[in-house]
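Okay, my_file-v1.csv now, which holds CSV, C-alpha atoms:
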chain,number,residue,atom,x,y,z
A,1,MET,CA,104.1,3.8,-13.6
A,2,PRO,CA,106.6,5.5,-11.3
A,3,LEU,CA,106.4,9.3,-11.2
A,4,ALA,CA,110.1,9.6,-12.2
A,5,GLN,CA,109.6,7.5,-15.3
A,6,HIS,CA,106.5,9.5,-16.2
A,7,ARG,CA,108.4,12.8,-16.0
A,8,ALA,CA,111.3,11.4,-17.9
A,9,LEU,CA,109.1,10.2,-20.8
A,10,ALA,CA,107.2,13.5,-20.9
A,11,ALA,CA,110.5,15.4,-21.0
A,12,ALA,CA,111.8,13.3,-23.8
A,13,PHE,CA,108.6,13.9,-25.8
A,14,ALA,CA,108.8,17.6,-25.2
A,15,ALA,CA,112.4,17.7,-26.2
A,16,ASN,CA,111.8,16.2,-29.7
A,17,GLY,CA,110.0,19.3,-30.9
A,18,ARG,CA,106.7,17.5,-31.8
A,19,ASN,CA,103.5,19.3,-30.9
A,20,HIS,CA,101.8,17.8,-27.8
A,21,PRO,CA,99.2,15.2,-28.6
A,22,TYR,CA,95.5,15.5,-28.3
A,23,LEU,CA,92.7,12.9,-28.0
A,24,ALA,CA,90.8,12.2,-31.2
A,25,LEU,CA,87.7,10.2,-30.1
A,26,THR,CA,85.4,8.4,-32.4
A,27,LEU,CA,82.3,8.1,-30.3
A,28,ASN,CA,80.3,5.9,-32.6
A,29,SER,CA,80.1,4.5,-36.1
A,30,LEU,CA,76.4,5.4,-36.6
A,31,CYS,CA,75.3,8.2,-38.8
A,32,ASN,CA,71.8,9.3,-40.0
A,33,LEU,CA,73.3,10.6,-43.2
A,34,ASP,CA,75.1,8.8,-46.0
A,35,CYS,CA,77.8,11.0,-47.7
A,36,VAL,CA,79.0,9.6,-51.0
A,37,PHE,CA,82.6,9.6,-49.9
A,38,CYS,CA,81.9,8.0,-46.5
A,39,LYS,CA,78.8,5.7,-46.8
A,40,PRO,CA,79.1,4.1,-43.4
A,41,ARG,CA,75.9,2.1,-43.9
A,42,CYS,CA,77.5,0.3,-46.8
A,43,MET,CA,80.0,-1.4,-44.5
A,44,PRO,CA,78.9,-5.0,-43.6
A,45,ASP,CA,79.6,-4.4,-39.9
A,46,TYR,CA,77.9,-1.0,-39.7
A,47,GLY,CA,77.0,-0.4,-36.0
A,48,HIS,CA,77.5,-4.1,-35.1
A,49,LYS,CA,80.8,-3.5,-33.4
A,50,ASP,CA,79.8,-0.5,-31.5
A,51,ARG,CA,80.3,-1.5,-27.9
A,52,PRO,CA,81.2,2.0,-27.0
A,53,LEU,CA,83.1,3.4,-24.0
A,54,THR,CA,80.9,4.8,-21.3
A,55,VAL,CA,80.8,8.3,-19.9
A,56,GLY,CA,82.9,7.2,-17.0
A,57,ASP,CA,85.4,5.7,-19.3
A,58,TYR,CA,85.8,8.9,-21.2
A,59,ALA,CA,86.2,10.9,-18.0
A,60,ALA,CA,88.9,8.5,-16.7
A,61,ILE,CA,90.8,8.7,-20.0
A,62,ALA,CA,90.6,12.5,-20.0
A,63,THR,CA,91.8,12.6,-16.4
A,64,GLU,CA,94.8,10.5,-17.2
A,65,ALA,CA,95.5,12.4,-20.4
A,66,GLY,CA,95.4,15.6,-18.4
A,67,ALA,CA,98.1,14.2,-16.1
A,68,TRP,CA,100.2,14.0,-19.3
A,69,GLN,CA,99.4,17.7,-20.1
A,70,VAL,CA,97.0,16.8,-22.9
A,71,ARG,CA,94.6,19.8,-23.2
A,72,LYS,CA,92.5,19.0,-26.2
A,73,ALA,CA,89.9,16.4,-27.1
A,74,HIS,CA,88.0,16.2,-30.3
A,75,CYS,CA,84.9,14.0,-30.8
A,76,SER,CA,83.7,12.6,-34.1
A,77,GLY,CA,81.9,9.6,-35.5
A,78,GLY,CA,79.8,8.6,-37.3
A,79,GLU,CA,77.6,11.4,-36.0
A,80,PRO,CA,78.6,11.9,-32.4
A,81,THR,CA,75.4,13.8,-31.5
A,82,LEU,CA,73.4,10.6,-32.0
A,83,ARG,CA,74.7,9.4,-28.7
A,84,ALA,CA,72.1,10.0,-26.1
A,85,ASP,CA,74.8,10.7,-23.5
A,86,ILE,CA,76.8,13.2,-25.7
A,87,LEU,CA,76.4,16.1,-23.2
A,88,ASP,CA,77.7,13.9,-20.4
A,89,VAL,CA,80.6,12.7,-22.5
A,90,ILE,CA,81.6,16.3,-23.3
A,91,ALA,CA,81.3,17.3,-19.6
A,92,GLY,CA,83.4,14.4,-18.6
A,93,LEU,CA,86.1,15.3,-21.1
A,94,ALA,CA,86.1,18.9,-20.0
A,95,ALA,CA,86.4,18.0,-16.3
A,96,GLY,CA,89.1,15.5,-16.9
A,97,LEU,CA,91.4,17.7,-19.1
A,98,GLY,CA,90.9,20.6,-16.7
A,99,PRO,CA,90.5,24.4,-17.1
A,100,ASP,CA,91.1,26.0,-20.5
A,101,ALA,CA,90.9,22.7,-22.3
A,102,ALA,CA,89.8,22.7,-25.9
A,103,ILE,CA,86.8,20.4,-26.4
A,104,GLY,CA,85.6,20.0,-30.0
A,105,MET,CA,83.3,18.0,-32.1
A,106,THR,CA,82.7,17.3,-35.8
A,107,SER,CA,79.0,17.2,-36.8
A,108,HIS,CA,76.8,17.6,-39.8
A,109,GLY,CA,74.9,20.2,-37.7
A,110,ASN,CA,71.4,18.7,-38.2
A,111,LEU,CA,71.1,18.2,-34.5
A,112,ARG,CA,68.5,15.7,-33.1
A,113,ARG,CA,65.4,17.0,-31.4
A,114,GLY,CA,66.2,18.6,-28.0
A,115,LEU,CA,69.9,19.0,-28.7
A,116,THR,CA,71.1,22.6,-29.3
A,117,ALA,CA,74.4,24.4,-29.7
A,118,GLU,CA,73.7,26.1,-26.4
A,119,LYS,CA,73.4,22.8,-24.5
A,120,LEU,CA,76.7,21.6,-26.1
A,121,ALA,CA,78.4,24.8,-25.1
A,122,ASP,CA,77.0,24.5,-21.5
A,123,ALA,CA,78.4,21.0,-21.3
A,124,GLY,CA,81.9,22.2,-22.1
A,125,LEU,CA,82.2,22.3,-25.9
A,126,THR,CA,84.6,25.1,-27.0
A,127,TYR,CA,84.6,24.6,-30.8
A,128,LEU,CA,82.6,23.0,-33.5
A,129,ASN,CA,83.6,21.6,-36.9
A,130,LEU,CA,80.6,21.5,-39.3
A,131,SER,CA,80.4,19.3,-42.4
A,132,LEU,CA,78.9,21.4,-45.2
A,133,HIS,CA,79.5,20.5,-48.8
A,134,SER,CA,76.8,22.6,-50.6
A,135,LEU,CA,74.5,25.4,-49.7
A,136,ASP,CA,71.8,24.2,-52.1
A,137,PRO,CA,69.4,21.8,-50.3
A,138,THR,CA,69.0,19.5,-53.3
A,139,ARG,CA,72.6,19.3,-54.2
A,140,SER,CA,73.6,18.9,-50.6
A,141,ALA,CA,71.2,16.0,-50.2
A,142,ALA,CA,72.8,14.3,-53.2
A,143,ILE,CA,76.2,14.5,-51.6
A,144,MET,CA,75.2,13.8,-48.0
A,145,GLY,CA,72.3,11.4,-48.5
A,146,GLY,CA,69.9,13.7,-46.6
A,147,GLY,CA,70.0,16.6,-44.1
A,148,ASP,CA,69.5,20.2,-44.8
A,149,PRO,CA,72.3,22.8,-45.2
A,150,ARG,CA,69.9,25.5,-43.9
A,151,VAL,CA,69.7,23.7,-40.6
A,152,THR,CA,73.5,23.4,-40.5
A,153,ARG,CA,73.7,27.1,-41.1
A,154,ARG,CA,71.4,27.8,-38.2
A,155,THR,CA,73.6,25.6,-36.0
A,156,LEU,CA,76.6,27.6,-37.2
A,157,ASP,CA,75.0,30.9,-36.4
A,158,ALA,CA,74.0,29.7,-33.0
A,159,ALA,CA,77.5,28.5,-32.2
A,160,LEU,CA,79.1,31.8,-33.3
A,161,ALA,CA,76.6,33.7,-31.1
A,162,LEU,CA,77.7,31.6,-28.1
A,163,GLY,CA,81.3,32.4,-28.8
A,164,LEU,CA,82.3,29.0,-30.0
A,165,ARG,CA,85.1,28.7,-32.6
A,166,VAL,CA,83.6,27.3,-35.8
A,167,LYS,CA,85.4,25.5,-38.7
A,168,ILE,CA,83.6,24.2,-41.8
A,169,ASN,CA,84.8,21.0,-43.5
A,170,CYS,CA,83.9,20.9,-47.2
A,171,VAL,CA,85.1,18.0,-49.3
A,172,LEU,CA,86.2,19.0,-52.8
A,173,GLN,CA,84.6,17.1,-55.7
A,174,ARG,CA,84.9,18.2,-59.3
A,175,SER,CA,81.2,17.9,-60.0
A,176,TYR,CA,80.5,20.1,-57.0
A,177,VAL,CA,83.4,22.5,-57.0
A,178,ALA,CA,81.2,25.5,-57.5
A,179,ASP,CA,79.3,24.4,-54.4
A,180,ALA,CA,82.5,24.2,-52.5
A,181,PHE,CA,83.5,27.7,-53.6
A,182,ALA,CA,80.1,29.0,-52.4
A,183,VAL,CA,80.6,27.4,-49.0
A,184,ALA,CA,84.1,28.9,-48.8
A,185,GLU,CA,82.7,32.3,-49.4
A,186,LEU,CA,80.8,32.1,-46.1
A,187,ALA,CA,84.1,33.2,-44.6
A,188,ARG,CA,83.8,36.6,-46.4
A,189,GLU,CA,81.3,37.7,-43.8
A,190,LEU,CA,81.6,35.2,-41.0
A,191,PRO,CA,84.5,34.6,-38.6
A,192,VAL,CA,84.9,30.9,-39.6
A,193,ALA,CA,87.7,28.8,-40.9
A,194,VAL,CA,86.5,27.0,-44.1
A,195,ARG,CA,88.7,23.9,-44.8
A,196,LEU,CA,88.6,22.7,-48.3
A,197,VAL,CA,89.4,19.0,-48.0
A,198,GLU,CA,90.8,16.9,-50.9
A,199,LEU,CA,89.0,13.7,-51.7
A,200,GLN,CA,91.1,10.7,-50.5
A,201,ASN,CA,91.4,7.5,-52.4
A,202,ILE,CA,90.1,5.3,-49.5
A,203,GLY,CA,86.9,3.5,-48.7
A,204,PRO,CA,83.8,4.3,-50.7
A,205,ALA,CA,85.6,7.4,-52.2
A,206,GLN,CA,87.7,5.0,-54.3
A,207,ALA,CA,84.7,4.7,-56.6
A,208,LEU,CA,84.7,8.5,-57.1
A,209,PHE,CA,88.4,9.3,-57.0
A,210,ASP,CA,89.3,9.1,-60.7
A,211,THR,CA,86.5,11.4,-61.9
A,212,GLU,CA,85.9,13.6,-58.8
A,213,PHE,CA,89.4,14.3,-57.4
A,214,ILE,CA,90.5,17.9,-57.7
A,215,PRO,CA,93.9,18.9,-56.2
A,216,GLU,CA,94.6,21.9,-54.0
A,217,ALA,CA,96.9,23.4,-56.7
A,218,GLU,CA,94.1,23.6,-59.2
A,219,VAL,CA,91.7,25.1,-56.7
A,220,ARG,CA,94.2,27.7,-55.6
A,221,ASP,CA,94.7,28.7,-59.2
A,222,ARG,CA,90.9,29.0,-59.8
A,223,LEU,CA,90.6,31.1,-56.6
A,224,HIS,CA,93.8,33.2,-57.3
A,225,GLU,CA,91.9,36.5,-57.0
A,226,TRP,CA,90.8,35.7,-53.5
A,227,PHE,CA,94.3,34.7,-52.4
A,228,ALA,CA,96.2,37.6,-54.0
A,229,GLY,CA,97.5,39.6,-51.0
A,230,ALA,CA,95.9,37.3,-48.5
A,231,GLY,CA,97.5,37.1,-45.1
A,232,GLU,CA,98.3,33.8,-43.3
A,233,VAL,CA,96.3,33.1,-40.2
A,234,PRO,CA,98.3,31.9,-37.1
A,235,ARG,CA,97.3,28.4,-36.0
A,236,ASP,CA,96.8,29.4,-32.4
A,237,GLU,CA,94.2,31.9,-33.6
A,238,LEU,CA,92.2,29.1,-35.2
A,239,GLY,CA,92.9,26.5,-32.5
A,240,VAL,CA,93.9,23.9,-35.0
A,241,ARG,CA,96.8,21.5,-35.5
A,242,SER,CA,96.1,20.2,-39.0
A,243,PRO,CA,98.3,20.4,-42.1
A,244,GLY,CA,98.2,23.1,-44.6
A,245,ARG,CA,98.0,26.9,-44.5
A,246,TYR,CA,95.1,29.1,-43.6
A,247,LEU,CA,94.7,32.3,-45.5
A,248,ARG,CA,92.5,35.3,-44.9
A,249,PRO,CA,91.6,37.2,-48.1
A,250,LYS,CA,91.8,40.9,-47.7
A,251,GLY,CA,88.7,42.3,-46.1
A,252,TRP,CA,87.3,38.9,-45.1
A,253,ALA,CA,86.1,38.0,-41.6
A,254,GLY,CA,87.2,34.4,-41.8
A,255,SER,CA,89.8,32.3,-43.5
A,256,ILE,CA,90.2,29.4,-46.0
A,257,GLY,CA,92.5,26.5,-45.5
A,258,PHE,CA,93.3,23.2,-47.3
A,259,ILE,CA,93.5,19.7,-46.0
A,260,SER,CA,95.3,18.0,-48.9
A,261,ASN,CA,96.3,14.5,-47.8
A,262,SER,CA,96.2,13.2,-51.4
A,263,SER,CA,98.5,15.7,-53.1
A,264,CYS,CA,100.5,17.1,-50.2
A,265,ALA,CA,100.4,14.5,-47.5
A,266,THR,CA,103.7,15.4,-45.8
A,267,CYS,CA,102.8,16.6,-42.4
A,268,SER,CA,105.6,15.6,-40.1
A,269,ASP,CA,103.9,16.7,-36.9
A,270,ALA,CA,100.9,14.4,-36.4
A,271,ASN,CA,99.8,14.5,-32.8
A,272,ARG,CA,96.5,12.7,-32.6
A,273,ILE,CA,95.8,9.8,-30.3
A,274,LYS,CA,92.9,8.2,-32.2
A,275,ILE,CA,90.6,6.2,-29.9
A,276,THR,CA,87.9,4.0,-31.5
A,277,PRO,CA,84.3,3.6,-30.1
A,278,THR,CA,85.3,0.4,-28.3
A,279,GLY,CA,88.4,2.0,-26.8
A,280,VAL,CA,91.3,0.9,-29.0
A,281,ALA,CA,93.9,3.7,-28.9
A,282,ARG,CA,95.9,4.2,-32.1
A,283,PRO,CA,98.9,6.5,-31.9
A,284,CYS,CA,100.3,5.5,-35.3
A,285,ILE,CA,98.5,5.2,-38.6
A,286,LEU,CA,101.1,3.2,-40.6
A,287,HIS,CA,102.4,0.9,-38.0
A,288,ASN,CA,100.3,-1.0,-35.5
A,289,ARG,CA,101.0,0.2,-32.0
A,290,ASP,CA,97.4,-0.1,-31.1
A,291,ILE,CA,96.5,-0.7,-27.5
A,292,PRO,CA,93.0,-1.6,-26.0
A,293,LEU,CA,92.2,0.8,-23.2
A,294,LYS,CA,89.3,-1.2,-21.6
A,295,PRO,CA,91.6,-3.6,-19.7
A,296,HIS,CA,93.6,-0.6,-18.4
A,297,LEU,CA,90.4,1.1,-17.4
A,298,ALA,CA,89.3,-2.0,-15.5
A,299,GLU,CA,92.7,-2.5,-13.8
A,300,GLY,CA,93.4,1.2,-13.1
A,301,THR,CA,96.6,1.2,-15.2
A,302,LEU,CA,95.8,3.9,-17.7
A,303,ALA,CA,99.2,5.5,-16.8
A,304,ASP,CA,100.9,2.5,-18.4
A,305,ALA,CA,98.7,2.8,-21.5
A,306,PHE,CA,99.6,6.4,-21.9
A,307,ALA,CA,103.3,5.7,-21.5
A,308,HIS,CA,103.0,3.2,-24.4
A,309,LEU,CA,101.2,5.8,-26.5
A,310,PHE,CA,103.9,8.5,-25.9
A,311,ARG,CA,106.7,6.0,-26.6
A,312,SER,CA,104.9,5.0,-29.8
A,313,MET,CA,104.7,8.6,-31.0
A,314,LEU,CA,108.4,9.1,-30.3
A,315,ASP,CA,109.2,5.9,-32.2
A,316,ARG,CA,107.5,7.3,-35.3
A,317,ASP,CA,110.3,9.7,-36.0
A,318,ALA,CA,112.7,6.8,-36.6
A,319,ASN,CA,110.2,4.7,-38.6
A,320,ASP,CA,111.1,4.8,-42.3
A,321,ALA,CA,107.7,3.4,-43.2
A,322,TRP,CA,106.2,6.9,-42.6
A,323,GLN,CA,107.9,8.5,-45.6
A,324,GLY,CA,106.4,11.8,-44.5
A,325,PHE,CA,102.7,10.6,-44.5
A,326,HIS,CA,102.0,11.5,-40.9
A,327,TYR,CA,98.4,12.8,-41.2
A,328,VAL,CA,96.7,10.3,-43.5
A,329,ASP,CA,93.4,9.2,-41.9
A,330,TYR,CA,93.3,5.6,-43.2
A,331,ASP,CA,89.8,4.8,-42.0
A,332,LEU,CA,91.1,3.6,-38.6
A,333,ARG,CA,88.4,5.6,-36.8
A,334,TRP,CA,86.3,2.5,-36.3
A,335,ASP,CA,86.9,-1.0,-35.2
A,336,ARG,CA,86.4,-2.8,-38.5
A,337,MET,CA,90.0,-3.1,-39.5
A,338,GLU,CA,92.0,-5.9,-37.9
A,339,ARG,CA,95.7,-5.2,-38.0
A,340,PRO,CA,98.5,-7.7,-37.2
A,341,GLU,CA,100.9,-6.4,-34.5
A,342,GLY,CA,103.6,-4.2,-35.9
A,343,ALA,CA,102.6,-4.6,-39.6
A,344,PRO,CA,102.7,-1.5,-41.8
A,345,VAL,CA,99.4,-0.6,-43.4
A,346,PRO,CA,99.5,-0.2,-47.2
A,347,LEU,CA,98.0,3.2,-48.2
A,348,PRO,CA,96.3,3.9,-51.6
A,349,LEU,CA,98.1,7.2,-52.0
A,350,LEU,CA,99.4,9.3,-54.9
A,351,PRO,CA,103.2,8.8,-55.7
A,352,THR,CA,105.4,8.7,-52.6
A,353,VAL,CA,107.4,11.8,-51.8
A,354,THR,CA,110.7,11.8,-49.8
A,355,LYS,CA,110.3,12.6,-46.2
A,356,ALA,CA,110.4,16.3,-45.6
A,357,PRO,CA,113.2,17.5,-43.4
A,358,SER,CA,112.0,18.3,-39.9
A,359,ARG,CA,112.0,21.9,-38.8
A,360,ALA,CA,112.2,23.2,-35.2
A,361,ARG,CA,109.1,24.5,-33.6
A,362,THR,CA,108.5,28.2,-33.5
A,363,ALA,CA,107.7,30.0,-30.3
A,364,GLY,CA,104.0,29.6,-31.2
A,365,GLY,CA,104.4,25.8,-31.3
A,366,ASP,CA,104.1,25.3,-35.0
A,367,ARG,CA,106.7,23.6,-37.1

Could you quickly redo this structure as structure tokens?
Amino acid sequence: MPLAQHRALAAAFAANGRNHPYLALTLNSLCNLDCVFCKPRCMPDYGHKDRPLTVGDYAAIATEAGAWQVRKAHCSGGEPTLRADILDVIAGLAAGLGPDAAIGMTSHGNLRRGLTAEKLADAGLTYLNLSLHSLDPTRSAAIMGGGDPRVTRRTLDAALALGLRVKINCVLQRSYVADAFAVAELARELPVAVRLVELQNIGPAQALFDTEFIPEAEVRDRLHEWFAGAGEVPRDELGVRSPGRYLRPKGWAGSIGFISNSSCATCSDANRIKITPTGVARPCILHNRDIPLKPHLAEGTLADAFAHLFRSMLDRDANDAWQGFHYVDYDLRWDRMERPEGAPVPLPLLPTVTKAPSRARTAGGDR
């Protein structure tokens, strides 16, 4: 696209007060575990649609994103470390986005043979999100369908020793709430951000939701002694742009945050460009503005694709269908959901709330 149009669109996006977007890349749908709230292997097309983007594709996407001042890429799955070329993917993203870019990954931390936190960091990884739902090996295996939390802990310790930022994702379930609290208490001695994640009523978790869902408000009440006098942690310190507040209890090395998309799904500053394994970019959860990137990669027209993505994110502010639910991750990570053009996606949420009034960004970039 012409440089003048590029600059005008980028300026319009900057002027609307929304945080700048980042790339949220689902590298695969394959996983060697089987968490009860995810269960990817139960899906009839598990792995069958993975015709993933190549290392060169990711490098090209990152280079174009860098031209739009995108400075963050986050890799997830499935389990992204199962890709044999994961180190090359990370290196390509880091080179494309440029110096000081944030390159992150979500993993269960049971890394395959030959892959280490040091190799990931050497490739360009700057932060690591680890899925850890219990410290007890037997109970953890019951939740995750395998794996060993002790191995995850070793990965965590290695990442911290290398200077990587580490966040821990722990899904709250009523039957395992004591396990979640034990995971959260890791932040007492370690400089990590533990994120307590509400169960969402989507996918396989629908079978658990009625009995296992526990809301943030109840958890906060049960942990009130921790949070009494706790200080709020600035987002830029954590390197995150997710909803909720992060609190550091007095005397703790780390912090505790909540991802509460079932009871408090009102984030009005979503800024993810979700890209599926086969290269479908999804800038909007509730309305189909999807765009396949492979044709643009082949034709050298990624600038036009990113112009579409930025316009789509601007259009969200005027879309009444959002109703405030800007951060709901409605299982659009993979390629299994076919969506008619422009059709709203119905969400199995708790009762709708009215859209929260927008607030101007602070100097630090948060709303």

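Among A:Leu297, A:Ala4, A:Val177, A:Leu156, the residue with the shortest atom-to-atom distance to Ala59 (chain A), counting only C-alpha atoms, is A:Leu297.
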
*So how many Å separate CA of Pro295 (chain A) and CA of Leu27 (chain A), to one decimal?*
18.3 Å

*Would you mind listing what lies within 10 Å of region 247-254 of chain A as a PyMOL selection string, with all atoms listed in the file counted and same-chain residues fewer than 6 positions away left out?*
chain A and resi 166-167+184-194+225-234+238

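Considering all atoms listed in the file, the residue among A:Arg83, A:Arg174, A:Arg112, A:Arg195 positioned nearest to Val151 (chain A) is A:Arg112.
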
*Could you pull the residues within 12 Å of Leu208 (chain A), counting all atoms listed in the file, minus those fewer than 5 positions along the same chain, as a ChimeraX atom specification?*
/A:35-38,143,172-175,199-203,213-214

Quick one: write out the picked residues with C-alpha atoms as a PDB file, in the frame of the given file?
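Final output, saved to result08.pdb:
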ATOM      1  CA  CYS A  35      77.800  11.000 -47.700  1.00  0.00           C
ATOM      2  CA  VAL A  36      79.000   9.600 -51.000  1.00  0.00           C
ATOM      3  CA  PHE A  37      82.600   9.600 -49.900  1.00  0.00           C
ATOM      4  CA  CYS A  38      81.900   8.000 -46.500  1.00  0.00           C
ATOM      5  CA  ILE A 143      76.200  14.500 -51.600  1.00  0.00           C
ATOM      6  CA  LEU A 172      86.200  19.000 -52.800  1.00  0.00           C
ATOM      7  CA  GLN A 173      84.600  17.100 -55.700  1.00  0.00           C
ATOM      8  CA  ARG A 174      84.900  18.200 -59.300  1.00  0.00           C
ATOM      9  CA  SER A 175      81.200  17.900 -60.000  1.00  0.00           C
ATOM     10  CA  LEU A 199      89.000  13.700 -51.700  1.00  0.00           C
ATOM     11  CA  GLN A 200      91.100  10.700 -50.500  1.00  0.00           C
ATOM     12  CA  ASN A 201      91.400   7.500 -52.400  1.00  0.00           C
ATOM     13  CA  ILE A 202      90.100   5.300 -49.500  1.00  0.00           C
ATOM     14  CA  GLY A 203      86.900   3.500 -48.700  1.00  0.00           C
ATOM     15  CA  PHE A 213      89.400  14.300 -57.400  1.00  0.00           C
ATOM     16  CA  ILE A 214      90.500  17.900 -57.700  1.00  0.00           C
TER      17      ILE A 214
END

*May I have the residues at most 12 Å from (90.8, 20.5, -20.2) in the file's coordinates, counting only C-alpha atoms, as an MDAnalysis selection string?*
chainID A and resid 22:23 59 61:74 90:104 124:126

Need to verify the contact set: region 257-259 of chain A, 6 Å, all atoms listed in the file, exclusion of same-chain residues closer than 4 positions in sequence. Can you return it as a compact mmCIF listing (two decimals) with C-alpha atoms, keeping the file's coordinate frame?
# COMPACT_ATOMS: atom_id res chain seq x y z
CA ARG A 195 88.70 23.90 -44.80
CA LEU A 196 88.60 22.70 -48.30
CA VAL A 197 89.40 19.00 -48.00
CA GLY A 244 98.20 23.10 -44.60
CA ARG A 245 98.00 26.90 -44.50
CA TYR A 246 95.10 29.10 -43.60

*Hey, can you pull every residue with an atom no more than 12 Å from (78.6, 16.7, -36.8), using all atoms listed in the file, and send it as a PyMOL selection string?*
chain A and resi 26-28+30-33+74-83+86+104-112+117+120+127-132+147+151-152+155-156+166-169

*Using CA of Ala121 (chain A) and CA of Asp85 (chain A) as the two end points, give the distance in Å to one decimal.*
14.6 Å
